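Undergrad: One file: data-v3.pdb (PDB, N, CA and C atoms).
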ATOM      1  N   MET M1301    -122.347 -12.456 -41.041
ATOM      2  CA  MET M1301    -121.397 -13.522 -41.179
ATOM      3  C   MET M1301    -121.835 -14.667 -40.306
ATOM      4  N   SER M1302    -121.487 -15.857 -40.703
ATOM      5  CA  SER M1302    -121.840 -17.052 -39.953
ATOM      6  C   SER M1302    -120.634 -17.972 -39.920
ATOM      7  N   LEU M1303    -120.419 -18.629 -38.785
ATOM      8  CA  LEU M1303    -119.309 -19.562 -38.682
ATOM      9  C   LEU M1303    -119.635 -20.631 -37.667
ATOM     10  N   LYS M1304    -118.909 -21.735 -37.751
ATOM     11  CA  LYS M1304    -118.970 -22.789 -36.750
ATOM     12  C   LYS M1304    -117.605 -22.854 -36.100
ATOM     13  N   THR M1305    -117.581 -22.925 -34.764
ATOM     14  CA  THR M1305    -116.314 -22.927 -34.048
ATOM     15  C   THR M1305    -116.441 -23.766 -32.793
ATOM     16  N   ARG M1306    -115.320 -24.158 -32.247
ATOM     17  CA  ARG M1306    -115.290 -24.945 -31.026
ATOM     18  C   ARG M1306    -114.580 -24.160 -29.935
ATOM     19  N   LEU M1307    -115.144 -24.187 -28.734
ATOM     20  CA  LEU M1307    -114.501 -23.623 -27.561
ATOM     21  C   LEU M1307    -114.088 -24.777 -26.657
ATOM     22  N   ASP M1308    -112.931 -24.642 -26.016
ATOM     23  CA  ASP M1308    -112.387 -25.691 -25.157
ATOM     24  C   ASP M1308    -112.094 -25.098 -23.788
ATOM     25  N   GLY M1309    -112.825 -25.521 -22.767
ATOM     26  CA  GLY M1309    -112.667 -24.988 -21.425
ATOM     27  C   GLY M1309    -111.348 -25.330 -20.773
ATOM     28  N   ARG M1310    -110.606 -26.281 -21.327
ATOM     29  CA  ARG M1310    -109.295 -26.648 -20.766
ATOM     30  C   ARG M1310    -108.191 -25.712 -21.235
ATOM     31  N   SER M1311    -108.479 -24.851 -22.196
ATOM     32  CA  SER M1311    -107.465 -24.009 -22.820
ATOM     33  C   SER M1311    -107.782 -22.530 -22.628
ATOM     34  N   GLU M1312    -106.894 -21.814 -21.970
ATOM     35  CA  GLU M1312    -107.099 -20.369 -21.813
ATOM     36  C   GLU M1312    -106.976 -19.640 -23.143
ATOM     37  N   ASP M1313    -106.387 -20.277 -24.147
ATOM     38  CA  ASP M1313    -106.255 -19.675 -25.474
ATOM     39  C   ASP M1313    -107.444 -19.955 -26.372
ATOM     40  N   ASN M1314    -108.382 -20.789 -25.923
ATOM     41  CA  ASN M1314    -109.490 -21.155 -26.794
ATOM     42  C   ASN M1314    -110.789 -21.362 -26.008
ATOM     43  N   ASN M1315    -110.984 -20.597 -24.928
ATOM     44  CA  ASN M1315    -112.183 -20.788 -24.112
ATOM     45  C   ASN M1315    -113.198 -19.659 -24.252
ATOM     46  N   LEU M1316    -112.951 -18.707 -25.164
ATOM     47  CA  LEU M1316    -113.927 -17.635 -25.336
ATOM     48  C   LEU M1316    -113.871 -17.069 -26.738
ATOM     49  N   LEU M1317    -114.938 -16.358 -27.087
ATOM     50  CA  LEU M1317    -114.949 -15.587 -28.320
ATOM     51  C   LEU M1317    -115.612 -14.250 -28.040
ATOM     52  N   LEU M1318    -115.269 -13.269 -28.841
ATOM     53  CA  LEU M1318    -115.791 -11.911 -28.706
ATOM     54  C   LEU M1318    -116.538 -11.525 -29.965
ATOM     55  N   LEU M1319    -117.656 -10.840 -29.806
ATOM     56  CA  LEU M1319    -118.343 -10.220 -30.928
ATOM     57  C   LEU M1319    -117.969  -8.749 -30.924
ATOM     58  N   LYS M1320    -117.462  -8.245 -32.044
ATOM     59  CA  LYS M1320    -116.981  -6.865 -32.130
ATOM     60  C   LYS M1320    -117.610  -6.149 -33.310
ATOM     61  N   ASP M1321    -117.698  -4.815 -33.187
ATOM     62  CA  ASP M1321    -118.168  -4.016 -34.313
ATOM     63  C   ASP M1321    -116.989  -3.650 -35.207
ATOM     64  N   ARG M1322    -117.248  -2.887 -36.263
ATOM     65  CA  ARG M1322    -116.194  -2.523 -37.224
ATOM     66  C   ARG M1322    -115.044  -1.757 -36.602
ATOM     67  N   ASP M1323    -115.331  -1.029 -35.516
ATOM     68  CA  ASP M1323    -114.296  -0.245 -34.859
ATOM     69  C   ASP M1323    -113.528  -1.039 -33.812
ATOM     70  N   GLY M1324    -113.873  -2.310 -33.627
ATOM     71  CA  GLY M1324    -113.184  -3.148 -32.663
ATOM     72  C   GLY M1324    -113.760  -3.085 -31.258
ATOM     73  N   ASN M1325    -114.879  -2.389 -31.083
ATOM     74  CA  ASN M1325    -115.518  -2.338 -29.770
ATOM     75  C   ASN M1325    -116.174  -3.679 -29.466
ATOM     76  N   ILE M1326    -115.963  -4.182 -28.258
ATOM     77  CA  ILE M1326    -116.541  -5.454 -27.848
ATOM     78  C   ILE M1326    -118.019  -5.264 -27.549
ATOM     79  N   LEU M1327    -118.850  -6.046 -28.216
ATOM     80  CA  LEU M1327    -120.296  -6.015 -27.997
ATOM     81  C   LEU M1327    -120.748  -7.153 -27.101
ATOM     82  N   ALA M1328    -120.063  -8.284 -27.153
ATOM     83  CA  ALA M1328    -120.430  -9.434 -26.329
ATOM     84  C   ALA M1328    -119.229 -10.366 -26.196
ATOM     85  N   GLU M1329    -119.198 -11.095 -25.079
ATOM     86  CA  GLU M1329    -118.193 -12.118 -24.836
ATOM     87  C   GLU M1329    -118.920 -13.417 -24.528
ATOM     88  N   VAL M1330    -118.498 -14.487 -25.177
ATOM     89  CA  VAL M1330    -119.033 -15.815 -24.902
ATOM     90  C   VAL M1330    -117.870 -16.640 -24.377
ATOM     91  N   LYS M1331    -118.005 -17.148 -23.126
ATOM     92  CA  LYS M1331    -116.905 -17.858 -22.483
ATOM     93  C   LYS M1331    -117.401 -19.188 -21.937
ATOM     94  N   LEU M1332    -116.633 -20.234 -22.150
ATOM     95  CA  LEU M1332    -116.926 -21.551 -21.622
ATOM     96  C   LEU M1332    -116.355 -21.625 -20.213
ATOM     97  N   LEU M1333    -117.186 -21.942 -19.230
ATOM     98  CA  LEU M1333    -116.776 -21.868 -17.831
ATOM     99  C   LEU M1333    -116.346 -23.199 -17.227
ATOM    100  N   ASP M1334    -116.605 -24.316 -17.898
ATOM    101  CA  ASP M1334    -116.167 -25.589 -17.331
ATOM    102  C   ASP M1334    -115.056 -26.184 -18.194
ATOM    103  N   SER M1335    -114.653 -27.398 -17.877
ATOM    104  CA  SER M1335    -113.499 -27.994 -18.565
ATOM    105  C   SER M1335    -113.896 -28.811 -19.789
ATOM    106  N   GLN M1336    -115.110 -28.676 -20.232
ATOM    107  CA  GLN M1336    -115.579 -29.395 -21.414
ATOM    108  C   GLN M1336    -115.323 -28.569 -22.671
ATOM    109  N   SER M1337    -115.700 -29.113 -23.802
ATOM    110  CA  SER M1337    -115.655 -28.349 -25.046
ATOM    111  C   SER M1337    -117.060 -28.300 -25.617
ATOM    112  N   VAL M1338    -117.293 -27.318 -26.463
ATOM    113  CA  VAL M1338    -118.601 -27.127 -27.073
ATOM    114  C   VAL M1338    -118.398 -26.602 -28.483
ATOM    115  N   THR M1339    -119.267 -27.023 -29.394
ATOM    116  CA  THR M1339    -119.242 -26.514 -30.756
ATOM    117  C   THR M1339    -120.412 -25.563 -30.920
ATOM    118  N   LEU M1340    -120.137 -24.378 -31.441
ATOM    119  CA  LEU M1340    -121.143 -23.337 -31.596
ATOM    120  C   LEU M1340    -121.272 -22.936 -33.058
ATOM    121  N   GLU M1341    -122.455 -22.514 -33.430
ATOM    122  CA  GLU M1341    -122.643 -21.832 -34.702
ATOM    123  C   GLU M1341    -123.054 -20.414 -34.360
ATOM    124  N   VAL M1342    -122.311 -19.431 -34.857
ATOM    125  CA  VAL M1342    -122.527 -18.030 -34.524
ATOM    126  C   VAL M1342    -122.863 -17.274 -35.800
ATOM    127  N   SER M1343    -123.945 -16.496 -35.766
ATOM    128  CA  SER M1343    -124.321 -15.638 -36.888
ATOM    129  C   SER M1343    -124.385 -14.210 -36.383
ATOM    130  N   THR M1344    -123.872 -13.279 -37.172
ATOM    131  CA  THR M1344    -123.869 -11.876 -36.783
ATOM    132  C   THR M1344    -124.468 -11.017 -37.883
ATOM    133  N   SER M1345    -124.811  -9.808 -37.529
ATOM    134  CA  SER M1345    -125.246  -8.822 -38.511
ATOM    135  C   SER M1345    -124.038  -8.337 -39.298
ATOM    136  N   ASN M1346    -124.276  -7.765 -40.471
ATOM    137  CA  ASN M1346    -123.188  -7.162 -41.240
ATOM    138  C   ASN M1346    -122.497  -6.106 -40.398
ATOM    139  N   GLY M1347    -121.217  -6.006 -40.541
ATOM    140  CA  GLY M1347    -120.452  -5.011 -39.800
ATOM    141  C   GLY M1347    -119.928  -5.526 -38.469
ATOM    142  N   LEU M1348    -120.307  -6.737 -38.082
ATOM    143  CA  LEU M1348    -119.798  -7.336 -36.852
ATOM    144  C   LEU M1348    -118.859  -8.470 -37.218
ATOM    145  N   HIS M1349    -117.939  -8.781 -36.315
ATOM    146  CA  HIS M1349    -117.058  -9.918 -36.545
ATOM    147  C   HIS M1349    -116.779 -10.626 -35.231
ATOM    148  N   VAL M1350    -116.241 -11.821 -35.339
ATOM    149  CA  VAL M1350    -115.942 -12.662 -34.191
ATOM    150  C   VAL M1350    -114.441 -12.766 -34.049
ATOM    151  N   GLU M1351    -113.952 -12.678 -32.810
ATOM    152  CA  GLU M1351    -112.547 -12.904 -32.515
ATOM    153  C   GLU M1351    -112.445 -13.901 -31.374
ATOM    154  N   LYS M1352    -111.445 -14.779 -31.450
ATOM    155  CA  LYS M1352    -111.187 -15.712 -30.367
ATOM    156  C   LYS M1352    -109.888 -15.314 -29.694
ATOM    157  N   ASN M1353    -109.745 -15.692 -28.409
ATOM    158  CA  ASN M1353    -108.559 -15.265 -27.674
ATOM    159  C   ASN M1353    -107.297 -15.996 -28.102
ATOM    160  N   ASN M1354    -107.395 -16.943 -29.027
ATOM    161  CA  ASN M1354    -106.197 -17.578 -29.580
ATOM    162  C   ASN M1354    -105.659 -16.807 -30.787
ATOM    163  N   GLY M1355    -106.292 -15.642 -31.096
ATOM    164  CA  GLY M1355    -105.828 -14.804 -32.186
ATOM    165  C   GLY M1355    -106.627 -14.922 -33.467
ATOM    166  N   TRP M1356    -107.519 -15.913 -33.572
ATOM    167  CA  TRP M1356    -108.319 -16.107 -34.773
ATOM    168  C   TRP M1356    -109.347 -14.982 -34.891
ATOM    169  N   SER M1357    -109.576 -14.482 -36.088
ATOM    170  CA  SER M1357    -110.557 -13.434 -36.339
ATOM    171  C   SER M1357    -111.309 -13.743 -37.622
ATOM    172  N   SER M1358    -112.629 -13.550 -37.610
ATOM    173  CA  SER M1358    -113.408 -13.794 -38.814
ATOM    174  C   SER M1358    -113.105 -12.772 -39.905
ATOM    175  N   ILE M1359    -112.462 -11.657 -39.563
ATOM    176  CA  ILE M1359    -112.061 -10.689 -40.587
ATOM    177  C   ILE M1359    -111.048 -11.335 -41.528
ATOM    178  N   GLU M1360    -110.045 -12.003 -40.972
ATOM    179  CA  GLU M1360    -109.049 -12.688 -41.804
ATOM    180  C   GLU M1360    -109.664 -13.889 -42.483
ATOM    181  N   TYR M1361    -110.545 -14.615 -41.796
ATOM    182  CA  TYR M1361    -111.155 -15.829 -42.315
ATOM    183  C   TYR M1361    -112.000 -15.551 -43.547
ATOM    184  N   THR M1362    -112.742 -14.458 -43.519
ATOM    185  CA  THR M1362    -113.619 -14.128 -44.643
ATOM    186  C   THR M1362    -112.957 -13.190 -45.644
ATOM    187  N   GLY M1363    -111.744 -12.742 -45.326
ATOM    188  CA  GLY M1363    -111.060 -11.824 -46.219
ATOM    189  C   GLY M1363    -111.585 -10.406 -46.137
ATOM    190  N   GLY M1364    -112.300 -10.065 -45.024
ATOM    191  CA  GLY M1364    -112.911  -8.749 -44.883
ATOM    192  C   GLY M1364    -112.020  -7.677 -44.422
TER     193      GLY M1364
END
Now that the file is in, can you turn its structure into structure tokens?

TA:
Amino acid sequence: MSLKTRLDGRSEDNNLLLLKDRDGNILAEVKLLDSQSVTLEVSTSNGLHVEKNNGWSSIEYTGG
């Protein structure tokens, strides 16, 4: 799966994303440490998904 997303260091609800496997195990965390924002493009292998701490999940986004 591939997506483009923005992280905002000023917001505790939108300053990180998690890469998870099908069982929900966290494989990696990407966190913005300063007060700026950044736009990322993230690509994963099949069976992995991205979740943000604001509740957004690529499972719902892609209908998976």

Undergrad: Excluding region 1312-1329 of chain M and its own-chain neighbours fewer than 2 positions away, which residues fall within 7 Å of it when counting all atoms listed in the file? Please give them as a PyMOL selection string.

TA: chain M and resi 1306-1310+1331-1333+1347-1355

Undergrad: Considering only N, CA and C atoms, state which residue in the set M:Val1330, M:Gln1336, M:Ser1357, M:Val1342 is at the smallest distance from Ser1302 (chain M).

TA: M:Val1342

Undergrad: Do you have the atom C of Thr1305 (chain M)-atom N of Asp1334 (chain M) distance handy?

TA: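 These two atoms are separated by 14.9 Å.
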
Undergrad: In Å, rounded to a single decimal, give me how far atom N of Ser1337 (chain M) is from CA of Trp1356 (chain M).

TA: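 These atoms are spaced 18.5 Å apart.
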
Undergrad: Rounded to one decimal, what separation in Å do you get between CA of Ser1358 (chain M) and CA of Leu1303 (chain M)?

TA: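 Going from CA of Ser1358 (chain M) over to CA of Leu1303 (chain M), I get 8.3 Å.
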
Undergrad: If you run DSSP on the backbone, which residues of chain M are strand (DSSP E), as a list in words?

TA: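 Filtering chain M to strand (DSSP E) leaves Ser1302, Leu1303, Lys1304, Thr1305, Arg1306, Leu1307, Asp1308, Leu1316, Leu1317, Leu1318, Leu1319, Lys1320, Ile1326, Leu1327, Ala1328, Glu1329, Val1330, Lys1331, Ser1337, Val1338, Thr1339, Leu1340, Glu1341, Val1342, Ser1343, His1349, Val1350, Glu1351 and Lys1352 of chain M.
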
Undergrad: Could you write chain M of the block just shown to a file containing C-alpha atoms, as an mmCIF file, in the first residue's frame?

TA:
data_model
loop_
_atom_site.group_PDB
_atom_site.id
_atom_site.type_symbol
_atom_site.label_atom_id
_atom_site.label_comp_id
_atom_site.auth_asym_id
_atom_site.auth_seq_id
_atom_site.Cartn_x
_atom_site.Cartn_y
_atom_site.Cartn_z
ATOM 1 C CA MET M 1301 0.000 0.000 0.000
ATOM 2 C CA SER M 1302 1.124 3.535 -0.631
ATOM 3 C CA LEU M 1303 -0.167 6.820 0.737
ATOM 4 C CA LYS M 1304 0.723 10.464 1.170
ATOM 5 C CA THR M 1305 0.122 12.006 4.582
ATOM 6 C CA ARG M 1306 1.065 15.011 6.663
ATOM 7 C CA LEU M 1307 2.406 15.000 10.209
ATOM 8 C CA ASP M 1308 2.104 18.118 12.381
ATOM 9 C CA GLY M 1309 4.479 18.516 15.331
ATOM 10 C CA ARG M 1310 2.136 21.022 16.999
ATOM 11 C CA SER M 1311 -0.586 18.382 17.403
ATOM 12 C CA GLU M 1312 -0.357 15.394 19.729
ATOM 13 C CA ASP M 1313 -3.174 13.852 17.659
ATOM 14 C CA ASN M 1314 -1.276 14.089 14.382
ATOM 15 C CA ASN M 1315 2.467 13.933 15.125
ATOM 16 C CA LEU M 1316 3.132 10.247 14.453
ATOM 17 C CA LEU M 1317 2.210 7.225 12.414
ATOM 18 C CA LEU M 1318 2.617 3.511 13.055
ATOM 19 C CA LEU M 1319 3.387 0.697 10.647
ATOM 20 C CA LYS M 1320 1.531 -2.458 11.718
ATOM 21 C CA ASP M 1321 1.193 -6.021 10.500
ATOM 22 C CA ARG M 1322 -2.124 -7.821 9.900
ATOM 23 C CA ASP M 1323 -2.339 -8.793 13.560
ATOM 24 C CA GLY M 1324 -1.932 -5.193 14.727
ATOM 25 C CA ASN M 1325 1.634 -5.614 15.988
ATOM 26 C CA ILE M 1326 3.626 -2.388 15.733
ATOM 27 C CA LEU M 1327 6.611 -2.771 13.414
ATOM 28 C CA ALA M 1328 7.738 0.863 13.325
ATOM 29 C CA GLU M 1329 6.818 4.308 14.639
ATOM 30 C CA VAL M 1330 7.521 7.522 12.753
ATOM 31 C CA LYS M 1331 7.216 10.623 14.953
ATOM 32 C CA LEU M 1332 7.787 14.297 14.209
ATOM 33 C CA LEU M 1333 9.862 15.757 17.048
ATOM 34 C CA ASP M 1334 9.711 19.493 16.353
ATOM 35 C CA SER M 1335 6.858 21.964 15.931
ATOM 36 C CA GLN M 1336 6.928 21.936 12.136
ATOM 37 C CA SER M 1337 4.873 19.866 9.730
ATOM 38 C CA VAL M 1338 6.085 17.455 7.085
ATOM 39 C CA THR M 1339 4.469 15.641 4.178
ATOM 40 C CA LEU M 1340 5.485 12.012 3.724
ATOM 41 C CA GLU M 1341 4.888 9.347 1.134
ATOM 42 C CA VAL M 1342 4.839 5.904 2.759
ATOM 43 C CA SER M 1343 4.899 2.572 0.909
ATOM 44 C CA THR M 1344 4.533 -0.779 2.643
ATOM 45 C CA SER M 1345 4.611 -4.440 1.747
ATOM 46 C CA ASN M 1346 1.329 -6.321 1.392
ATOM 47 C CA GLY M 1347 -0.103 -7.258 4.747
ATOM 48 C CA LEU M 1348 1.104 -4.075 6.459
ATOM 49 C CA HIS M 1349 -0.914 -0.964 7.177
ATOM 50 C CA VAL M 1350 -0.421 2.537 8.528
ATOM 51 C CA GLU M 1351 -2.217 4.038 11.514
ATOM 52 C CA LYS M 1352 -2.041 7.592 12.812
ATOM 53 C CA ASN M 1353 -2.634 8.582 16.421
ATOM 54 C CA ASN M 1354 -5.627 10.697 15.360
ATOM 55 C CA GLY M 1355 -7.478 7.434 14.620
ATOM 56 C CA TRP M 1356 -6.922 7.300 10.842
ATOM 57 C CA SER M 1357 -6.044 3.844 9.468
ATOM 58 C CA SER M 1358 -5.144 2.786 5.939
ATOM 59 C CA ILE M 1359 -7.316 -0.312 6.474
ATOM 60 C CA GLU M 1360 -10.446 1.866 6.400
ATOM 61 C CA TYR M 1361 -8.976 4.143 3.714
ATOM 62 C CA THR M 1362 -8.339 1.308 1.275
ATOM 63 C CA GLY M 1363 -11.373 -0.711 2.304
ATOM 64 C CA GLY M 1364 -9.137 -3.585 3.490
#
